[in-house]
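**Student:** Just so it is clear, I am handing over final.txt, which has compact mmCIF, C-alpha atoms and all ligand atoms.
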# COMPACT_ATOMS: atom_id res chain seq x y z
CA MET A 7 -3.01 -87.17 94.77
CA MET A 8 -6.64 -86.03 94.86
CA ILE A 9 -7.22 -82.49 96.11
CA SER A 10 -9.98 -79.90 96.09
CA VAL A 11 -10.00 -76.81 93.86
CA GLU A 12 -9.54 -74.61 96.91
CA GLU A 13 -6.54 -76.58 98.11
CA ALA A 14 -4.89 -76.53 94.67
CA ARG A 15 -5.45 -72.81 94.48
CA THR A 16 -3.97 -72.15 97.93
CA ARG A 17 -0.91 -74.28 97.22
CA ILE A 18 -0.30 -72.65 93.85
CA LEU A 19 -0.80 -69.06 94.97
CA GLY A 20 1.59 -69.61 97.89
CA HIS A 21 4.42 -69.73 95.36
CA PHE A 22 3.76 -66.29 93.90
CA ASP A 23 4.78 -62.87 95.12
CA ILE A 24 4.15 -59.40 93.92
CA LEU A 25 6.71 -58.44 91.24
CA ASP A 26 9.14 -55.51 91.33
CA PRO A 27 7.89 -52.07 90.38
CA GLU A 28 8.76 -50.51 87.05
CA PHE A 29 8.83 -46.80 86.24
CA LYS A 30 6.86 -46.04 83.11
CA SER A 31 4.80 -43.38 81.40
CA ILE A 32 1.38 -42.90 82.95
CA LEU A 33 -0.44 -43.94 79.80
CA ASP A 34 1.56 -47.15 79.44
CA ALA A 35 0.76 -47.92 83.07
CA GLN A 36 -2.99 -48.17 82.47
CA GLY A 37 -4.47 -51.24 84.18
CA GLN A 38 -1.43 -51.69 86.43
CA VAL A 39 -1.29 -51.29 90.17
CA LEU A 40 0.37 -48.26 91.72
CA ALA A 41 3.50 -49.19 93.70
CA GLU A 42 3.80 -45.94 95.69
CA ASP A 43 1.56 -43.32 97.29
CA MET A 44 1.15 -40.34 94.98
CA ILE A 45 1.38 -37.06 96.87
CA GLY A 46 0.07 -33.70 95.67
CA PRO A 47 3.16 -31.57 94.87
CA PHE A 48 1.09 -28.36 94.85
CA ASP A 49 -2.44 -27.09 95.32
CA LEU A 50 -4.95 -27.88 92.60
CA PRO A 51 -6.30 -25.60 91.35
CA PRO A 52 -3.14 -23.62 92.04
CA LEU A 53 -4.98 -20.29 92.41
CA ASP A 54 -8.53 -19.14 93.16
CA ASN A 55 -10.15 -19.00 89.73
CA SER A 56 -13.41 -18.39 87.97
CA ALA A 57 -15.95 -21.19 87.52
CA MET A 58 -17.86 -19.21 84.88
CA ASP A 59 -17.39 -16.81 81.99
CA GLY A 60 -18.46 -13.49 83.49
CA TYR A 61 -17.27 -10.47 85.45
CA ALA A 62 -15.12 -10.45 88.56
CA ILE A 63 -16.65 -7.91 90.94
CA ILE A 64 -16.93 -6.90 94.57
CA SER A 65 -20.14 -8.65 95.67
CA GLY A 66 -21.18 -5.67 97.80
CA ASP A 67 -21.33 -3.53 94.64
CA ALA A 68 -24.21 -5.63 93.29
CA ARG A 69 -26.30 -5.41 96.45
CA GLY A 70 -29.91 -4.60 95.47
CA ALA A 71 -29.27 -5.16 91.75
CA SER A 72 -32.18 -6.53 89.70
CA GLU A 73 -33.29 -6.67 86.09
CA TYR A 74 -35.27 -3.42 86.61
CA LYS A 75 -32.63 -1.71 88.68
CA PRO A 76 -29.24 -2.93 87.40
CA VAL A 77 -25.93 -1.72 88.83
CA THR A 78 -23.53 -0.30 86.27
CA LEU A 79 -19.84 -1.08 86.71
CA ARG A 80 -16.83 0.17 84.77
CA VAL A 81 -14.95 -2.62 83.00
CA VAL A 82 -11.24 -2.10 83.63
CA GLY A 83 -9.73 -5.18 82.01
CA SER A 84 -10.16 -8.74 80.90
CA LEU A 85 -8.60 -12.04 81.89
CA ALA A 86 -8.47 -15.25 79.88
CA ALA A 87 -7.52 -18.64 81.33
CA GLY A 88 -3.74 -18.78 81.53
CA GLN A 89 -3.32 -15.01 82.02
CA VAL A 90 -2.03 -13.50 85.25
CA PRO A 91 -4.01 -10.56 86.73
CA THR A 92 -2.19 -7.23 86.57
CA LYS A 93 -5.06 -5.01 87.74
CA ASN A 94 -7.19 -5.01 90.89
CA VAL A 95 -10.95 -4.70 91.14
CA VAL A 96 -11.93 -1.65 93.18
CA HIS A 97 -15.45 -0.41 94.06
CA GLY A 98 -17.47 0.47 91.00
CA THR A 99 -15.32 -1.62 88.62
CA ALA A 100 -15.34 -5.11 87.12
CA ILE A 101 -12.88 -7.25 85.16
CA ARG A 102 -14.18 -9.47 82.38
CA ILE A 103 -13.06 -13.01 83.22
CA MET A 104 -13.13 -16.42 81.52
CA THR A 105 -13.57 -19.82 83.16
CA GLY A 106 -10.31 -20.95 84.74
CA ALA A 107 -8.72 -17.48 84.84
CA PRO A 108 -7.30 -16.41 88.24
CA ILE A 109 -9.49 -14.09 90.32
CA PRO A 110 -7.94 -10.61 90.41
CA ASP A 111 -7.18 -9.02 93.77
CA GLY A 112 -10.07 -7.05 95.21
CA ALA A 113 -12.81 -9.16 93.57
CA ASP A 114 -14.74 -11.62 95.75
CA ALA A 115 -17.33 -12.97 93.29
CA VAL A 116 -17.98 -13.63 89.64
CA VAL A 117 -21.25 -12.66 88.03
CA PRO A 118 -21.93 -14.77 84.93
CA PHE A 119 -22.50 -13.09 81.54
CA GLU A 120 -26.15 -14.17 81.52
CA ASN A 121 -26.78 -12.07 84.65
CA THR A 122 -25.43 -8.96 82.92
CA ASP A 123 -26.36 -7.03 79.78
CA GLU A 124 -23.25 -8.35 77.97
CA MET A 125 -25.28 -10.06 75.21
CA ASP A 126 -27.52 -7.02 74.63
CA ARG A 127 -24.50 -4.74 74.40
CA LYS A 128 -22.74 -7.05 71.98
CA SER A 129 -25.74 -7.53 69.69
CA SER A 130 -26.48 -3.82 69.58
CA GLY A 131 -22.81 -2.99 68.99
CA ARG A 132 -22.48 -1.00 72.20
CA GLU A 133 -19.21 -0.63 74.03
CA LEU A 134 -18.14 -3.11 76.65
CA SER A 135 -16.40 -0.43 78.69
CA GLU A 136 -19.34 -0.63 81.09
CA ILE A 137 -21.58 -3.50 82.15
CA ASP A 138 -24.97 -3.67 83.85
CA VAL A 139 -25.20 -6.29 86.59
CA ARG A 140 -28.78 -7.55 86.85
CA THR A 141 -28.65 -9.74 89.96
CA GLU A 142 -27.16 -9.78 93.41
CA VAL A 143 -24.24 -12.14 93.91
CA PRO A 144 -23.24 -13.63 97.22
CA ALA A 145 -19.60 -13.35 98.29
CA SER A 146 -17.39 -16.09 96.75
CA ALA A 147 -20.04 -16.98 94.14
CA ASN A 148 -18.56 -18.84 91.13
CA ILE A 149 -15.07 -18.88 92.56
CA ARG A 150 -13.16 -22.16 92.66
CA LEU A 151 -10.81 -22.02 95.60
CA ALA A 152 -7.14 -22.94 95.37
CA GLY A 153 -6.54 -26.47 96.69
CA GLN A 154 -10.23 -27.40 96.36
CA ASP A 155 -9.40 -30.54 94.34
CA VAL A 156 -5.97 -31.39 95.75
CA GLU A 157 -4.09 -29.78 98.62
CA LYS A 158 -0.31 -29.77 98.53
CA GLY A 159 0.91 -32.78 100.54
CA ASP A 160 -2.36 -34.76 100.19
CA ARG A 161 -2.05 -38.49 99.54
CA VAL A 162 -4.04 -38.17 96.34
CA ILE A 163 -3.81 -41.74 95.01
CA PRO A 164 -2.74 -44.46 97.42
CA LYS A 165 -0.39 -47.33 96.63
CA GLY A 166 -2.40 -50.33 95.43
CA THR A 167 -4.76 -48.33 93.22
CA ILE A 168 -5.41 -49.67 89.73
CA LEU A 169 -4.71 -46.97 87.16
CA GLY A 170 -7.69 -46.12 84.98
CA ALA A 171 -8.72 -43.04 83.05
CA ALA A 172 -9.48 -40.91 86.12
CA GLU A 173 -6.27 -41.84 87.95
CA ILE A 174 -4.16 -41.20 84.86
CA GLY A 175 -5.86 -37.82 84.40
CA VAL A 176 -5.23 -36.86 88.02
CA LEU A 177 -1.56 -37.89 87.71
CA ALA A 178 -1.24 -35.68 84.63
CA SER A 179 -2.93 -32.78 86.45
CA LEU A 180 -0.25 -33.08 89.13
CA GLY A 181 2.49 -33.04 86.52
CA TYR A 182 3.51 -36.68 86.87
CA GLU A 183 4.75 -38.03 83.54
CA HIS A 184 5.95 -41.39 84.87
CA VAL A 185 4.87 -43.53 87.74
CA ASN A 186 5.99 -46.65 89.63
CA VAL A 187 3.66 -49.60 89.06
CA PHE A 188 4.07 -53.30 89.70
CA ARG A 189 5.39 -55.06 86.62
CA ARG A 190 3.21 -57.23 84.41
CA PRO A 191 4.35 -60.87 84.57
CA VAL A 192 5.81 -62.45 81.46
CA VAL A 193 4.02 -65.74 80.86
CA SER A 194 5.66 -68.36 78.66
CA ILE A 195 3.30 -70.76 76.96
CA ILE A 196 4.26 -74.18 75.58
CA ALA A 197 1.89 -76.57 73.83
CA THR A 198 2.88 -80.22 73.93
CA GLY A 199 1.86 -83.11 71.72
CA ASN A 200 2.94 -84.96 68.57
CA GLU A 201 -0.50 -84.39 67.08
CA LEU A 202 -0.13 -80.61 67.05
CA LEU A 203 0.46 -78.39 64.04
CA GLY A 204 1.27 -74.69 64.19
CA ILE A 205 -1.36 -72.53 62.55
CA GLY A 206 -0.09 -71.62 59.13
CA GLY A 207 1.21 -75.15 58.60
CA GLU A 208 -0.31 -77.39 55.88
CA PRO A 209 -3.11 -79.58 57.27
CA GLU A 210 -2.01 -83.21 57.78
CA VAL A 211 -4.04 -86.35 58.35
CA GLY A 212 -4.25 -87.13 62.03
CA LYS A 213 -3.02 -83.75 63.14
CA ILE A 214 -4.82 -80.81 64.68
CA TYR A 215 -3.90 -77.19 64.94
CA ASP A 216 -2.58 -76.04 68.28
CA SER A 217 -5.34 -73.87 69.71
CA ASN A 218 -4.28 -73.88 73.36
CA SER A 219 -1.28 -71.64 72.76
CA TYR A 220 -3.60 -69.01 71.36
CA SER A 221 -6.53 -69.28 73.74
CA LEU A 222 -4.12 -69.23 76.68
CA ALA A 223 -2.14 -66.30 75.28
CA ALA A 224 -5.35 -64.34 74.82
CA ALA A 225 -6.50 -65.21 78.33
CA VAL A 226 -3.10 -64.22 79.75
CA LYS A 227 -3.27 -60.88 77.99
CA LYS A 228 -6.79 -60.25 79.25
CA SER A 229 -5.62 -61.08 82.77
CA GLY A 230 -2.90 -58.44 82.57
CA GLY A 231 0.09 -60.68 81.80
CA VAL A 232 2.43 -60.55 78.81
CA PRO A 233 2.19 -63.81 76.86
CA ARG A 234 5.26 -65.31 75.21
CA LEU A 235 4.53 -68.14 72.80
CA VAL A 236 7.38 -70.63 72.96
CA GLY A 237 5.76 -73.01 70.48
CA ILE A 238 4.96 -76.69 70.25
CA ALA A 239 7.06 -79.31 72.01
CA ARG A 240 7.03 -82.84 70.60
CA ASP A 241 6.40 -85.68 73.00
CA ASP A 242 10.10 -86.44 73.32
CA VAL A 243 12.50 -85.68 76.09
CA ASP A 244 14.98 -83.54 74.13
CA ASP A 245 12.48 -81.33 72.39
CA LEU A 246 10.48 -80.82 75.53
CA SER A 247 13.59 -80.06 77.61
CA ASN A 248 14.70 -77.46 75.06
CA LYS A 249 11.32 -75.78 75.00
CA LEU A 250 11.11 -75.78 78.77
CA GLU A 251 14.50 -74.13 78.92
CA ALA A 252 13.27 -71.43 76.56
CA GLY A 253 10.27 -71.00 78.82
CA LEU A 254 12.36 -70.20 81.85
CA LEU A 255 12.85 -66.58 80.85
CA SER A 256 9.55 -65.69 82.41
CA ASP A 257 7.65 -65.21 85.65
CA ILE A 258 5.45 -68.25 85.09
CA LEU A 259 5.47 -71.05 82.58
CA LEU A 260 2.25 -72.57 81.29
CA THR A 261 2.19 -75.86 79.47
CA SER A 262 -0.82 -77.63 78.06
CA ALA A 263 -1.36 -81.37 77.75
CA GLY A 264 0.74 -84.30 78.84
CA VAL A 265 -0.34 -84.32 82.46
CA SER A 266 -3.00 -87.04 82.21
CA LYS A 267 -2.51 -90.79 82.10
CA GLY A 268 -1.86 -91.30 78.36
CA ASP A 269 1.08 -93.40 77.13
CA TYR A 270 2.88 -90.48 75.57
CA ASP A 271 2.41 -88.11 78.44
CA ILE A 272 6.08 -87.57 79.10
CA VAL A 273 5.71 -84.00 80.31
CA LYS A 274 5.51 -85.17 83.88
CA ASP A 275 8.62 -87.35 83.57
CA VAL A 276 10.69 -84.55 82.05
CA LEU A 277 9.43 -82.15 84.67
CA ALA A 278 10.32 -84.51 87.47
CA ASP A 279 13.91 -84.48 86.16
CA HIS A 280 14.14 -80.70 86.17
CA GLY A 281 12.77 -79.54 89.44
CA GLN A 282 10.14 -80.30 91.95
CA ILE A 283 6.76 -81.07 90.47
CA ASP A 284 3.44 -82.10 91.98
CA LEU A 285 0.88 -83.95 89.92
CA TRP A 286 -2.61 -83.61 91.13
CA SER A 287 -6.05 -84.86 90.38
CA VAL A 288 -8.15 -81.86 91.23
CA ARG A 289 -11.75 -82.60 92.16
CA MET A 290 -13.13 -80.44 89.37
CA ARG A 291 -14.72 -80.87 85.95
CA PRO A 292 -13.28 -80.00 83.51
CA ALA A 293 -9.52 -79.75 84.20
CA LYS A 294 -8.97 -82.61 86.61
CA PRO A 295 -5.31 -83.43 85.85
CA LEU A 296 -3.01 -80.60 86.85
CA ALA A 297 0.69 -80.21 87.49
CA PHE A 298 2.40 -77.55 89.50
CA GLY A 299 5.98 -77.09 90.57
CA MET A 300 9.13 -75.01 90.53
CA LEU A 301 11.27 -75.64 87.45
CA ASP A 302 14.98 -75.32 87.90
CA LEU A 303 16.72 -76.26 84.67
CA ASN A 304 20.42 -75.32 84.54
CA LYS A 305 20.26 -73.84 88.02
CA SER A 306 18.63 -70.63 86.91
CA ALA A 307 16.23 -69.01 89.34
CA PRO A 308 13.35 -71.45 89.70
CA VAL A 309 10.28 -70.59 87.66
CA PRO A 310 6.79 -71.62 88.70
CA HIS A 311 5.25 -74.00 86.22
CA LEU A 312 1.55 -74.66 85.81
CA GLY A 313 0.81 -77.75 83.74
CA LEU A 314 -2.70 -77.50 82.33
CA PRO A 315 -4.65 -80.32 80.70
CA GLY A 316 -4.66 -80.60 76.90
CA ASN A 317 -8.34 -80.51 76.19
CA PRO A 318 -9.06 -76.98 75.03
CA VAL A 319 -11.86 -76.22 77.49
CA SER A 320 -9.93 -77.81 80.37
CA ALA A 321 -6.90 -75.68 79.57
CA LEU A 322 -8.93 -72.49 79.68
CA VAL A 323 -10.96 -73.38 82.76
CA GLY A 324 -7.80 -74.53 84.56
CA PHE A 325 -6.09 -71.27 83.63
CA GLU A 326 -9.10 -69.33 84.85
CA GLN A 327 -9.03 -70.98 88.30
CA PHE A 328 -5.28 -71.11 88.91
CA GLY A 329 -3.30 -69.14 86.30
CA ARG A 330 -5.28 -65.95 86.31
CA PRO A 331 -5.23 -65.40 90.09
CA ALA A 332 -1.45 -66.04 90.07
CA ILE A 333 -0.98 -63.36 87.40
CA ARG A 334 -3.14 -60.93 89.34
CA LYS A 335 -1.24 -61.62 92.54
CA MET A 336 2.09 -60.88 90.80
CA MET A 337 0.63 -57.63 89.48
CA GLY A 338 -0.27 -56.47 92.98
CA HIS A 339 -4.02 -56.81 92.70
CA LYS A 340 -5.89 -57.38 95.95
CA LYS A 341 -8.88 -59.06 94.38
CA LEU A 342 -7.70 -62.18 92.60
CA ASP A 343 -10.93 -63.90 91.66
CA ARG A 344 -13.81 -63.20 89.34
CA PRO A 345 -16.95 -61.90 90.94
CA THR A 346 -19.67 -64.49 91.42
CA ILE A 347 -23.40 -64.00 91.40
CA TRP A 348 -26.32 -66.26 92.26
CA ALA A 349 -28.66 -66.90 89.36
CA THR A 350 -31.67 -69.10 88.68
CA LEU A 351 -30.67 -72.19 86.74
CA GLU A 352 -32.79 -73.08 83.71
CA ASP A 353 -30.97 -76.32 82.74
CA ALA A 354 -29.66 -79.14 84.90
CA ILE A 355 -26.01 -79.53 85.93
CA TYR A 356 -25.05 -83.15 86.68
CA ASN A 357 -22.20 -84.15 88.91
CA TYR A 358 -21.28 -87.81 88.37
CA ASP A 359 -18.31 -88.20 90.66
CA ASN A 360 -18.06 -85.65 93.46
CA ARG A 361 -16.17 -83.04 91.53
CA LYS A 362 -16.79 -79.30 91.52
CA VAL A 363 -18.41 -78.75 88.13
CA PHE A 364 -17.75 -75.55 86.18
CA ALA A 365 -20.45 -75.56 83.52
CA ARG A 366 -20.12 -73.19 80.60
CA ALA A 367 -23.09 -70.91 80.92
CA VAL A 368 -24.88 -67.87 79.58
CA VAL A 369 -26.19 -65.50 82.21
CA LYS A 370 -28.98 -63.16 81.17
CA LYS A 371 -30.94 -60.57 83.09
CA ARG A 372 -34.71 -60.59 82.82
CA GLU A 373 -36.90 -58.24 84.81
CA GLY A 374 -34.10 -57.45 87.20
CA ARG A 375 -33.17 -61.09 87.94
CA TYR A 376 -30.34 -63.23 86.63
CA PHE A 377 -31.04 -66.50 84.82
CA VAL A 378 -28.50 -69.00 83.65
CA ASN A 379 -28.51 -71.50 80.78
CA LEU A 380 -25.77 -73.94 79.78
CA THR A 381 -24.15 -73.49 76.37
CA GLY A 382 -24.84 -77.08 75.29
CA ASN A 383 -22.44 -80.02 75.05
CA GLN A 384 -20.17 -79.85 78.09
CA SER A 385 -17.42 -82.17 76.81
CA SER A 386 -14.01 -80.68 77.45
CA ASN A 387 -13.01 -80.83 73.79
CA ILE A 388 -15.90 -78.62 72.62
CA LEU A 389 -14.14 -75.26 72.54
CA THR A 390 -16.96 -73.56 70.64
CA SER A 391 -19.10 -74.01 73.75
CA MET A 392 -16.89 -71.40 75.44
CA ILE A 393 -17.69 -68.80 72.80
CA ARG A 394 -21.16 -67.97 74.05
CA ALA A 395 -20.30 -68.49 77.70
CA ASN A 396 -20.13 -65.39 79.87
CA GLY A 397 -19.90 -67.40 83.06
CA LEU A 398 -19.08 -70.72 84.70
CA ALA A 399 -22.03 -72.08 86.68
CA ILE A 400 -20.89 -74.09 89.68
CA CYS A 401 -22.26 -77.35 91.00
CA PRO A 402 -20.45 -78.07 94.30
CA GLU A 403 -18.56 -81.32 94.89
CA ASP A 404 -21.11 -82.81 97.25
CA ILE A 405 -24.23 -82.12 95.18
CA ALA A 406 -25.25 -84.73 92.59
CA VAL A 407 -27.43 -82.48 90.50
CA LYS A 408 -28.48 -78.86 90.30
CA GLU A 409 -32.03 -78.82 88.98
CA PRO A 410 -33.71 -76.20 86.84
CA GLY A 411 -35.26 -73.57 89.10
CA GLN A 412 -32.52 -73.79 91.74
CA LEU A 413 -30.11 -71.00 92.46
CA VAL A 414 -26.50 -71.58 91.39
CA GLU A 415 -23.35 -69.62 91.92
CA VAL A 416 -21.84 -68.35 88.67
CA GLN A 417 -18.30 -67.07 88.14
CA MET A 418 -18.72 -64.14 85.79
CA LEU A 419 -16.08 -64.33 83.09
CA ASP A 420 -16.56 -60.88 81.63
CA TRP A 421 -17.07 -58.83 84.77
CA PRO A 422 -14.13 -57.05 86.36
CA GLU A 423 -13.42 -58.10 89.95
CA GLU A 424 -13.50 -54.46 90.97
CA VAL A 425 -17.29 -54.52 90.64
CA PHE A 426 -17.69 -56.04 94.12
P1 LIG B 501 -3.49 -84.89 76.50
O1 LIG B 501 -3.57 -84.07 77.76
O2 LIG B 501 -2.15 -84.84 75.89
O3 LIG B 501 -4.00 -86.26 76.70
O4 LIG B 501 -4.47 -84.17 75.47
C1 LIG B 501 -5.86 -84.18 75.66
C2 LIG B 501 -6.57 -83.76 74.41
O5 LIG B 501 -6.29 -82.39 74.15
C3 LIG B 501 -6.15 -84.49 73.16
O6 LIG B 501 -7.31 -84.73 72.38
C4 LIG B 501 -5.22 -83.54 72.48
O7 LIG B 501 -5.16 -83.73 71.08
C5 LIG B 501 -5.84 -82.21 72.81
N1 LIG B 501 -4.84 -81.15 72.78
C6 LIG B 501 -3.67 -81.17 73.42
N2 LIG B 501 -2.97 -80.06 73.20
C7 LIG B 501 -3.73 -79.29 72.40
C8 LIG B 501 -3.54 -78.00 71.82
N3 LIG B 501 -2.43 -77.29 72.05
N4 LIG B 501 -4.52 -77.51 71.04
C9 LIG B 501 -5.65 -78.22 70.84
N5 LIG B 501 -5.88 -79.42 71.37
C10 LIG B 501 -4.93 -79.98 72.14
MG MG B 502 -0.88 -85.41 74.46
Would you mind writing the file's structure down as C-alpha cells?
**Tutor:**
Amino acid sequence: MMISVEEARTRILGHFDILDPEFKSILDAQGQVLAEDMIGPFDLPPLDNSAMDGYAIISGDARGASEYKPVTLRVVGSLAAGQVPTKNVVHGTAIRIMTGAPIPDGADAVVPFENTDEMDRKSSGRELSEIDVRTEVPASANIRLAGQDVEKGDRVIPKGTILGAAEIGVLASLGYEHVNVFRRPVVSIIATGNELLGIGGEPEVGKIYDSNSYSLAAAVKKSGGVPRLVGIARDDVDDLSNKLEAGLLSDILLTSAGVSKGDYDIVKDVLADHGQIDLWSVRMRPAKPLAFGMLDLNKSAPVPHLGLPGNPVSALVGFEQFGRPAIRKMMGHKKLDRPTIWATLEDAIYNYDNRKVFARAVVKKREGRYFVNLTGNQSSNILTSMIRANGLAICPEDIAVKEPGQLVEVQMLDWPEEVF
C-alpha cells in the first residue's frame, strides 16, 4: 500500500500513549516531563531577608544623611545568613547583616557597606561598635520579602514541564528530593540480515558490520528513550522469532532491514505470523519501505513494532520521522517534531517519482539569513553523508525539482523542539 509520510505518521502515532509516571530523584529526572503539578510547600524566601551585605536600620534614622553629614548609629549585633535574629533594631541603632540573613524586628531597610564608613573604620583599625551612614535609604530598601519568589500554595511548576537546570534547582529550593515524571520508553533494537557481523567480530568476505543497531541506539538515546540492543537476527524464521521474542520486553521494538522486496526478506512473513502488521510504501525518499504493527508473540501484551529499511541512511531518516515522535509521545512531550526553518537552497534537490525527499543538508547562517547545501551523494547507503548534515531539506511530493535560489523547508536535526 502506498501512503504519504503524514498518513504513516498519523497511523503510527495513534498506537502510542503516554507511559506511566515513575518517582525518581530530581537529578535523574533531567530531560523528562513532569507528571504532576508541583506546589510550593512554603514561602520562598521563607523570611524577609537582606539583599546586600550592610546594616539593618530604621530608614527614618538616616533621613538627611550625606557624605558630609553622616548619621552615626550604634551597632548592637550582627547577623550572618542562617542565623536567627535575637535582638531588635531600635532608633539610633543598627545590626550588621549579611546577604540572605533575616531582617531583625524593628529594622525596615538595609544600608549597604559601601554607603557607610565600614571600610574606612576597618582599614584604620577603628572599632565597629558604631557606624556612619552616608546616604538616605528609602523604607524597604535592599529587603527581599518573604514569598517574593514562591508563595506557599503556588503552582510553581505545572505538569507537562520538561525538567532542566532551572526546574531542578527550583524543586531543590522547595525541598523536593524526588519527583513524578513520565517514564522513558525502553526501545529494543534488532538488526536483521545474513550479511551482518557484530562489531568486534573478525571481518569476513561478503559481510558488513551491523551499523544500524548503533546509529539507531544513539538516535534513540538522543530522543530520550532507553535503547536495548537485542542483536543480529539471521534471515531465518527461528532465529528471527527468538530475537523478536526477546524484543518484546520493551515499549517499542525497532527492526532494520527485511521490509523491502528482496528474496530473503522474511521479516515481513515472520511478523505476519506473530501479530498484525502493515507493510507500506511510504511516498518518501529515502526510507520508502516501512512496516508497522502490534506484535503479540506468546500472548504477551502487544508491543508496537516499527520495521525500518536496512539501508543505513533510510533507517535513520525513517526513525527520525516515525520513531522519534513516538518516543517523545510516550515521554509526555507536547511537541513531537523537530523545528523546521525556511532557508535559501544553494544546490538542487531532484524528485524523480513524486516522493517527499529528505535531502541531507548543511544549514549555515550568513549575514542573518539561512542557506542550505546538500552534503553530496544522496544514495541511501552513504552513511557518511549524514555526518555533516545538521538538517533534512524537504522537496515536497508534487514538486519535481527545487532549484538553487529557492526557499526550502528544512527539518533541523540538532535544534531542540522547544525553540519554537
Ligand atoms: P534490506 O532491507 O535487507 O534489503 O537491506 C538493504 C541494505 O541495507 C543492504 O545493502 C543491507 O546490507 C544493508 N543493511 C541492512 N542491515 C544493515 C545493518 N544493520 N547495518 C548496515 N547495513 C545494513
Ligand atoms: Mg536484508
**Student:** Which chains and residue numbers are within 9 Å of ligand MG 502 (chain B), counting all atoms listed in the file, if I want them as a list in words?
**Tutor:** Thr198, Gly199, Asn200, Glu201, Leu202, Asp241, Ser262, Ala263, Gly264, Val265, Ser266, Gly268, Asp269, Tyr270, Asp271, Ile272, Val273, Pro315 and Gly316 of chain A
**Student:** For Pro292 of chain A, list every protein, DNA or RNA residue within 6 Å, evaluated using only C-alpha atoms, and leave out those in the same chain fewer than 2 positions away; present the list as a PyMOL selection string.
**Tutor:** chain A and resi 290+294+320
**Student:** Could you work out how far atom CA of Arg15 of chain A lies from atom O1 of ligand LIG 501 (chain B), giving the answer in Å with one decimal?
**Tutor:**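 Straight-line distance from atom O1 of ligand LIG 501 (chain B) to atom CA of Arg15 of chain A works out to 20.2 Å.
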**Student:** Which polymer residues have any atom within 8 Å of an atom of segment 168-180 of chain A, counting all atoms listed in the file, with same-chain residues fewer than 4 positions away left out, as a PyMOL selection string?
**Tutor:** chain A and resi 32-33+35-40+46-48+50+163+339
**Student:** Write out the residues from the selection above, keeping C-alpha atoms, as a short mmCIF file (atom, residue, chain, number, x, y, z; two decimals), in the coordinates of the input.
**Tutor:**
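And here's out.cif as it stands now:
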data_model
loop_
_atom_site.label_atom_id
_atom_site.label_comp_id
_atom_site.auth_asym_id
_atom_site.auth_seq_id
_atom_site.Cartn_x
_atom_site.Cartn_y
_atom_site.Cartn_z
CA ILE A 32 1.38 -42.90 82.95
CA LEU A 33 -0.44 -43.94 79.80
CA ALA A 35 0.76 -47.92 83.07
CA GLN A 36 -2.99 -48.17 82.47
CA GLY A 37 -4.47 -51.24 84.18
CA GLN A 38 -1.43 -51.69 86.43
CA VAL A 39 -1.29 -51.29 90.17
CA LEU A 40 0.37 -48.26 91.72
CA GLY A 46 0.07 -33.70 95.67
CA PRO A 47 3.16 -31.57 94.87
CA PHE A 48 1.09 -28.36 94.85
CA LEU A 50 -4.95 -27.88 92.60
CA ILE A 163 -3.81 -41.74 95.01
CA HIS A 339 -4.02 -56.81 92.70
#
**Student:** Fewer than 3 positions away in the same chain doesn't count, so skip those; otherwise give me all residues within 10 Å of Leu246 of chain A, counting all atoms listed in the file, as a list in words.
**Tutor:**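 Returned residues: Ile196, Ala197, Thr198, Gly199, Ile238, Ala239, Arg240, Asp241, Asp242, Val243, Lys249, Leu250, Glu251, Ala252, Ile272, Val273, Val276 and Leu277 of chain A.
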**Student:** Would you save the residues of that selection, restricted to C-alpha atoms, as a CSV table (one decimal), keeping the file's coordinate frame?
**Tutor:**
chain,number,residue,atom,x,y,z
A,196,ILE,CA,4.3,-74.2,75.6
A,197,ALA,CA,1.9,-76.6,73.8
A,198,THR,CA,2.9,-80.2,73.9
A,199,GLY,CA,1.9,-83.1,71.7
A,238,ILE,CA,5.0,-76.7,70.2
A,239,ALA,CA,7.1,-79.3,72.0
A,240,ARG,CA,7.0,-82.8,70.6
A,241,ASP,CA,6.4,-85.7,73.0
A,242,ASP,CA,10.1,-86.4,73.3
A,243,VAL,CA,12.5,-85.7,76.1
A,249,LYS,CA,11.3,-75.8,75.0
A,250,LEU,CA,11.1,-75.8,78.8
A,251,GLU,CA,14.5,-74.1,78.9
A,252,ALA,CA,13.3,-71.4,76.6
A,272,ILE,CA,6.1,-87.6,79.1
A,273,VAL,CA,5.7,-84.0,80.3
A,276,VAL,CA,10.7,-84.6,82.0
A,277,LEU,CA,9.4,-82.2,84.7
**Student:** Counting only C-alpha atoms and all ligand atoms, which of A:Leu303, A:Val319, A:Met7, A:Ala87 gets nearest to ligand LIG 501 (chain B)?
**Tutor:**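 Using only C-alpha atoms and all ligand atoms, ligand LIG 501 (chain B) sits closest to A:Val319.
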**Student:** Would you please work out which residue, of A:Pro318, A:Gly204, A:Pro164, A:Gly411, is nearest to Leu222 of chain A when using all atoms listed in the file?
**Tutor:**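 Of A:Pro318, A:Gly204, A:Pro164, A:Gly411, the one nearest Leu222 of chain A is A:Pro318, counting all atoms listed in the file.
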**Student:** Box in all listed atoms of ligand LIG 501 (chain B), axis-aligned, with 5 Å more on each side; write out centre and edge lengths in Å to one decimal as JSON.
**Tutor:**
{"center_x": -4.7, "center_y": -81.8, "center_z": 74.3, "size_x": 15.2, "size_y": 19.0, "size_z": 16.9}
**Student:** Rank nothing, just name the residue among A:Leu314, A:Ile283, A:Ile18, A:Ile347 nearest to ligand LIG 501 (chain B), using only C-alpha atoms and all ligand atoms.
**Tutor:**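 Among the listed residues, the smallest separation from ligand LIG 501 (chain B) belongs to A:Leu314.
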**Student:** Could you state the separation of atom CA of Val185 of chain A and atom CA of Leu25 of chain A in Å, given to one decimal place?
**Tutor:**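 Here the two named atoms are 15.4 Å from each other.
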**Student:** List as an MDAnalysis selection string the protein and nucleic acid residues near segment 352-369 of chain A, meaning an atom at most 8 Å away when all atoms listed in the file are counted, but skip any in the same chain fewer than 4 places from it.
**Tutor:** chainID A and resid 11 289:292 323 376:381 384 391:392 394:411
**Student:** Hey, can you check how far atom CA of Leu259 of chain A sits from atom CA of Leu301 of chain A?
**Tutor:** 8.9 Å
**Student:** Within 8 Å of (-1.1, -45.0, 95.8) in the file's own coordinates, which protein, DNA or RNA residues have an atom, counting all atoms listed in the file? List them as a ChimeraX atom specification.
**Tutor:** /A:40-44,161-167
**Student:** When distances are computed from all atoms listed in the file, which of A:Pro91, A:Pro118, A:Pro191, A:Gly66 shows the smallest separation from Ala145 of chain A?
**Tutor:**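 Nearest candidate to Ala145 of chain A out of A:Pro91, A:Pro118, A:Pro191, A:Gly66: A:Gly66.
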